[in-house]
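As provided, structure.cif (mmCIF, C-alpha atoms) reads as follows.
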```cif
data_protein
#
loop_
_atom_site.label_atom_id
_atom_site.label_comp_id
_atom_site.auth_asym_id
_atom_site.auth_seq_id
_atom_site.Cartn_x
_atom_site.Cartn_y
_atom_site.Cartn_z
CA MET M 1 -6.25 -19.10 14.53
CA THR M 2 -6.56 -15.34 13.95
CA ALA M 3 -5.42 -12.84 11.34
CA ARG M 4 -5.78 -9.30 12.63
CA ALA M 5 -4.99 -6.17 10.66
CA ARG M 6 -5.50 -2.56 11.72
CA LEU M 7 -5.06 0.75 9.96
CA ASP M 8 -4.12 3.28 12.65
CA PRO M 9 -4.20 7.06 12.19
CA ASP M 10 -2.50 7.56 15.58
CA PRO M 11 0.88 6.55 16.99
CA PHE M 12 0.79 2.99 18.35
CA ASP M 13 2.93 1.04 20.82
CA PRO M 14 4.62 -1.97 19.18
CA ALA M 15 5.46 -3.41 22.62
CA ALA M 16 1.74 -3.51 23.51
CA GLU M 17 0.95 -5.20 20.18
CA LEU M 18 3.66 -7.79 20.81
CA ALA M 19 2.42 -8.39 24.36
CA GLU M 20 -1.11 -8.98 23.10
CA LEU M 21 0.05 -11.33 20.36
CA THR M 22 2.18 -13.24 22.88
CA ARG M 23 -0.89 -13.68 25.07
CA ASP M 24 -2.87 -14.95 22.07
CA ALA M 25 -0.01 -17.32 21.27
CA ALA M 26 -0.33 -19.35 24.48
CA GLY M 27 0.57 -22.91 23.52
CA ASP M 28 2.71 -21.85 20.55
CA GLY M 29 6.50 -22.18 20.61
CA ALA M 30 7.50 -19.03 18.72
CA VAL M 31 6.64 -15.40 18.08
CA VAL M 32 8.47 -13.39 15.39
CA SER M 33 7.85 -9.67 14.98
CA PHE M 34 9.06 -6.85 12.76
CA ILE M 35 8.78 -3.12 13.49
CA GLY M 36 9.33 -0.60 10.70
CA LEU M 37 10.35 2.92 11.79
CA ALA M 38 10.18 6.26 9.98
CA ARG M 39 13.74 7.22 8.97
CA ASP M 40 15.25 10.59 9.82
CA ALA M 41 17.04 10.97 6.47
CA THR M 42 16.41 10.29 2.78
CA LYS M 43 18.50 7.80 0.79
CA SER M 44 20.73 10.69 -0.24
CA GLY M 45 21.19 11.78 3.38
CA GLU M 46 18.91 14.82 3.50
CA PRO M 47 16.93 15.26 6.72
CA VAL M 48 13.29 14.14 6.77
CA LYS M 49 10.91 16.25 8.83
CA THR M 50 7.72 14.28 8.17
CA LEU M 51 6.84 11.00 6.51
CA VAL M 52 3.34 11.28 5.04
CA LEU M 53 1.42 8.04 4.50
CA GLU M 54 -1.62 8.71 2.33
CA HIS M 55 -4.22 5.98 2.14
CA HIS M 56 -7.32 5.04 0.16
CA PRO M 57 -10.70 5.32 1.91
CA ARG M 58 -11.80 1.79 0.96
CA LEU M 59 -8.87 -0.19 -0.41
CA THR M 60 -6.16 0.33 2.22
CA ALA M 61 -7.71 -1.49 5.18
CA LYS M 62 -8.80 -4.31 2.88
CA SER M 63 -5.27 -4.70 1.50
CA LEU M 64 -3.93 -5.12 5.07
CA GLU M 65 -6.62 -7.67 5.91
CA ASP M 66 -5.98 -9.65 2.72
CA ILE M 67 -2.21 -9.79 3.32
CA ALA M 68 -2.66 -10.91 6.96
CA SER M 69 -5.22 -13.58 5.96
CA ASP M 70 -3.00 -14.87 3.16
CA ALA M 71 -0.09 -15.29 5.60
CA LEU M 72 -2.29 -17.25 8.01
CA GLU M 73 -3.42 -19.52 5.19
CA ARG M 74 0.01 -20.00 3.62
CA PHE M 75 2.20 -20.81 6.64
CA ALA M 76 1.86 -23.13 9.63
CA VAL M 77 1.17 -20.18 11.94
CA SER M 78 -1.49 -19.72 14.60
CA HIS M 79 -1.85 -15.93 14.80
CA VAL M 80 -0.94 -13.08 12.48
CA ARG M 81 -1.06 -9.42 13.45
CA VAL M 82 -0.48 -6.35 11.27
CA VAL M 83 -0.75 -2.74 12.44
CA HIS M 84 -0.02 0.00 9.90
CA ARG M 85 0.04 3.75 10.45
CA CYS M 86 -1.40 6.34 8.13
CA GLY M 87 -1.15 10.12 8.25
CA ASP M 88 1.85 12.24 9.24
CA LEU M 89 4.72 10.49 11.05
CA MET M 90 7.73 11.97 12.79
CA PRO M 91 11.14 10.31 12.36
CA GLY M 92 11.49 7.39 14.76
CA GLU M 93 7.77 6.66 14.96
CA PRO M 94 6.68 3.10 14.18
CA ILE M 95 5.16 2.74 10.69
CA VAL M 96 4.31 -0.93 10.78
CA PHE M 97 4.17 -3.90 13.13
CA ALA M 98 4.02 -7.29 11.44
CA ALA M 99 4.17 -10.48 13.50
CA ALA M 100 3.18 -14.11 13.64
CA SER M 101 3.15 -16.91 16.18
CA SER M 102 3.56 -20.58 15.42
CA PRO M 103 4.20 -23.96 17.05
CA HIS M 104 7.74 -24.02 15.54
CA ARG M 105 9.93 -21.00 14.74
CA ARG M 106 10.53 -21.40 10.98
CA ALA M 107 6.93 -20.75 10.01
CA ALA M 108 6.77 -17.56 12.09
CA PHE M 109 10.03 -16.24 10.58
CA GLU M 110 8.76 -16.96 7.07
CA ALA M 111 5.34 -15.45 7.72
CA ALA M 112 6.87 -12.20 9.05
CA ASP M 113 9.19 -12.01 6.03
CA TYR M 114 6.27 -12.66 3.67
CA LEU M 115 4.08 -10.07 5.40
CA MET M 116 6.71 -7.36 4.93
CA ASP M 117 7.46 -8.23 1.29
CA ARG M 118 3.78 -7.96 0.45
CA LEU M 119 3.19 -4.85 2.58
CA LYS M 120 6.08 -3.07 0.84
CA THR M 121 4.63 -3.64 -2.63
CA GLU M 122 0.87 -4.22 -2.20
CA ALA M 123 -0.41 -2.38 0.85
CA VAL M 124 -2.37 0.57 -0.54
CA PHE M 125 -0.36 3.56 0.69
CA TRP M 126 1.45 6.41 -0.96
CA LYS M 127 4.53 7.56 0.97
CA ARG M 128 6.04 11.00 0.78
CA GLU M 129 9.11 12.30 2.58
CA GLU M 130 8.99 16.00 3.45
CA GLY M 131 12.06 17.98 4.45
CA PRO M 132 13.78 21.35 4.06
CA SER M 133 14.44 20.74 0.37
CA GLY M 134 10.84 19.86 -0.49
CA SER M 135 8.84 16.68 -0.78
CA ARG M 136 9.52 13.41 -2.58
CA TRP M 137 7.31 10.39 -3.32
CA ILE M 138 8.75 7.01 -2.27
CA GLU M 139 7.85 4.06 -4.48
CA PRO M 140 8.91 0.43 -4.17
CA THR M 141 12.34 -0.35 -5.64
CA GLU M 142 13.02 -3.14 -8.12
CA ALA M 143 14.59 -5.02 -5.17
CA ASP M 144 11.27 -4.71 -3.29
CA TYR M 145 9.39 -6.17 -6.27
CA ALA M 146 12.00 -8.96 -6.58
CA ASP M 147 11.59 -9.76 -2.86
CA ARG M 148 7.83 -9.98 -3.39
CA GLY M 149 8.45 -12.27 -6.38
CA ARG M 150 10.22 -14.84 -4.17
CA TRP M 151 6.83 -15.94 -2.84
CA GLU M 152 5.14 -16.61 -6.19
CA MET N 1 -17.00 11.06 -15.71
CA LYS N 2 -15.21 11.60 -12.42
CA VAL N 3 -11.56 10.61 -12.33
CA ARG N 4 -9.82 10.43 -8.95
CA SER N 5 -6.06 10.09 -8.64
CA TYR N 6 -3.83 9.08 -5.76
CA GLY N 7 -0.19 9.52 -4.82
CA LYS N 8 2.21 11.03 -7.36
CA LEU N 9 -0.54 10.98 -10.00
CA ALA N 10 -2.68 13.37 -7.95
CA ASP N 11 0.12 15.95 -8.19
CA LEU N 12 -0.07 15.72 -11.97
CA LEU N 13 -3.77 15.15 -12.66
CA GLY N 14 -5.35 16.72 -9.59
CA THR N 15 -7.13 14.74 -6.90
CA GLU N 16 -10.36 14.80 -8.88
CA ARG N 17 -11.22 15.92 -12.40
CA ASP N 18 -14.14 15.64 -14.78
CA LEU N 19 -13.57 13.98 -18.11
CA HIS N 20 -16.17 14.45 -20.82
CA MET N 21 -17.12 11.17 -22.48
CA ASP N 22 -19.87 10.53 -25.03
CA ALA N 23 -19.64 6.75 -25.05
CA PRO N 24 -18.18 3.84 -23.07
CA CYS N 25 -14.47 3.28 -23.54
CA THR N 26 -11.72 1.04 -22.23
CA VAL N 27 -9.40 1.89 -19.34
CA ALA N 28 -6.52 1.98 -21.86
CA GLU N 29 -8.39 4.61 -23.89
CA LEU N 30 -9.00 6.61 -20.71
CA ARG N 31 -5.28 6.55 -19.93
CA ASP N 32 -4.66 7.98 -23.42
CA ARG N 33 -7.35 10.65 -22.98
CA LEU N 34 -5.87 11.75 -19.66
CA ALA N 35 -2.35 11.74 -21.09
CA ALA N 36 -3.56 13.96 -23.97
CA GLU N 37 -5.07 16.41 -21.45
CA CYS N 38 -2.03 16.28 -19.14
CA PRO N 39 1.10 15.47 -21.15
CA GLN N 40 3.22 15.52 -17.98
CA ALA N 41 1.20 12.50 -16.75
CA ARG N 42 1.72 10.46 -19.94
CA GLU N 43 4.72 8.51 -18.63
CA PRO N 44 3.26 7.64 -15.19
CA LEU N 45 -0.09 6.68 -16.77
CA ALA N 46 1.71 4.26 -19.11
CA ASN N 47 3.28 2.48 -16.10
CA LYS N 48 1.56 -0.90 -15.72
CA ARG N 49 2.01 -0.57 -11.96
CA VAL N 50 -0.44 2.34 -12.02
CA LEU N 51 -3.68 0.51 -11.25
CA ALA N 52 -7.20 1.45 -12.30
CA CYS N 53 -10.03 0.92 -9.84
CA VAL N 54 -13.79 0.97 -10.48
CA GLY N 55 -15.92 0.64 -7.34
CA ASP N 56 -13.77 -1.52 -5.07
CA THR N 57 -12.27 -3.58 -7.87
CA ILE N 58 -8.92 -3.27 -9.63
CA VAL N 59 -9.73 -3.53 -13.33
CA PRO N 60 -7.54 -4.36 -16.36
CA ASP N 61 -6.86 -1.98 -19.25
CA THR N 62 -9.42 -3.86 -21.35
CA HIS N 63 -12.24 -3.11 -18.87
CA ILE N 64 -15.00 -0.96 -20.36
CA VAL N 65 -16.13 2.06 -18.35
CA SER N 66 -19.38 3.92 -18.96
CA PRO N 67 -19.59 7.72 -18.82
CA ARG N 68 -21.81 7.45 -15.72
CA GLU N 69 -19.16 5.57 -13.70
CA SER N 70 -16.24 6.92 -11.67
CA ILE N 71 -12.72 5.62 -12.01
CA GLU N 72 -9.66 5.90 -9.78
CA PHE N 73 -6.03 5.72 -10.85
CA LEU N 74 -3.59 4.58 -8.17
CA ALA N 75 0.10 5.48 -8.42
CA PRO N 76 2.37 2.55 -7.45
CA VAL N 77 1.53 1.65 -3.85
CA SER N 78 4.04 1.09 -1.06
CA GLY N 79 3.57 0.30 2.60
CA GLY N 80 5.95 -0.72 5.34
#
```
Represent the structure from my file as structure tokens, please.
Amino acid sequence: MTARARLDPDPFDPAAELAELTRDAAGDGAVVSFIGLARDATKSGEPVKTLVLEHHPRLTAKSLEDIASDALERFAVSHVRVVHRCGDLMPGEPIVFAAASSPHRRAAFEAADYLMDRLKTEAVFWKREEGPSGSRWIEPTEADYADRGRWE
Amino acid sequence: MKVRSYGKLADLLGTERDLHMDAPCTVAELRDRLAAECPQAREPLANKRVLACVGDTIVPDTHIVSPRESIEFLAPVSGG
């Protein structure tokens, strides 16, 4: 059983992460993964040039590790993997990879869902969209907090 | 004491600022002191989702901070 979490300042390859997790999952019956991508437009449709993910020097990596470990403990999963970017991202670049493997599919689906609900509201990042009309901080919505609340 | 701010709060309070304190006070009192110095930060500082951190620990508003310590205020966090 492993819970791996990595804060990555450079672009990463979700396919390579999935391949590695699938290798780790030998003997399991299911792998479920989620990839979050940087959008090319704001909610109001304005173009986004850069998505900036600021992080905390001590708390960010620990928040990723805690969330991954909690998923491993909570669900009947064998392996959990989280990779999260920081720094400046171009539209289309992967922001996050969150995945789990398990003997039976339901636990892996639930673990991936849980990982993302917690990452959206508890991973220690501050997101800013920058475009031609300036920059705008992105904070979790009430729907994000409600999604997180489903697991309490 | 040193006050560091992150995210939207850093735009309002600056990344780092010195706050003169004569005696220990609570985190809630510090929020009020900062809001008095930077009225534009009053509303964000009153948001309970703005967390205070001393060392590596998230602390409640009742936590007492000494003038020799540093404190960090974290605007609402969001990954994914």
- Task: Name the residues captured by the PyMOL selection byres ((chain N) within 10 of (chain M)) when it is applied to the shown file; answer as a VMD selection string.
- Result: chain N and resid 6 to 8 53 55 to 58 74 to 80
- Please evaluate the PyMOL selection byres ((chain N and resi 18) around 7) against the displayed coordinates and give the resulting residues as a ChimeraX atom specification. /N:1-3,17,19-20
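What the PyMOL selection byres ((chain N and resi 51) around 6) grabs from this file is Arg49, Val50, Ala52, Phe73 and Leu74 of chain N.
For the atom pair formed by atom CA of Glu72 of chain N and atom CA of Pro39 of chain N, the distance is 18.3 Å, given to one decimal.
Of note, atom CA of Glu73 of chain M and atom CA of Ala19 of chain M are spaced 22.9 Å apart.
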- Separating atom CA of Leu89 of chain M from atom CA of Leu21 of chain M, to the nearest tenth of an Å, is a gap of 24.2 Å
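Each of M:Asp28, M:Asp66, M:Asp147, M:Glu17 was compared to Ala3 of chain M using all atoms listed in the file, and M:Asp66 turns out to be the nearest.
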Show me, as a PDB file with C-alpha atoms, keeping the file's coordinate frame, the residues that have an atom within 6 Å of segment 27-37 of chain N when counting all atoms listed in the file, minus same-chain residues fewer than 4 positions from it.
```pdb
ATOM      1  CA  ALA N  41       1.200  12.500 -16.750  1.00  0.00           C
ATOM      2  CA  ARG N  42       1.720  10.460 -19.940  1.00  0.00           C
ATOM      3  CA  ASP N  61      -6.860  -1.980 -19.250  1.00  0.00           C
ATOM      4  CA  HIS N  63     -12.240  -3.110 -18.870  1.00  0.00           C
TER       5      HIS N  63
END
```
- Which residue gives the smallest distance to Asp11 of chain N among N:Ala46, N:Ile71, N:Val65, N:Cys38, with all atoms listed in the file counted? N:Cys38
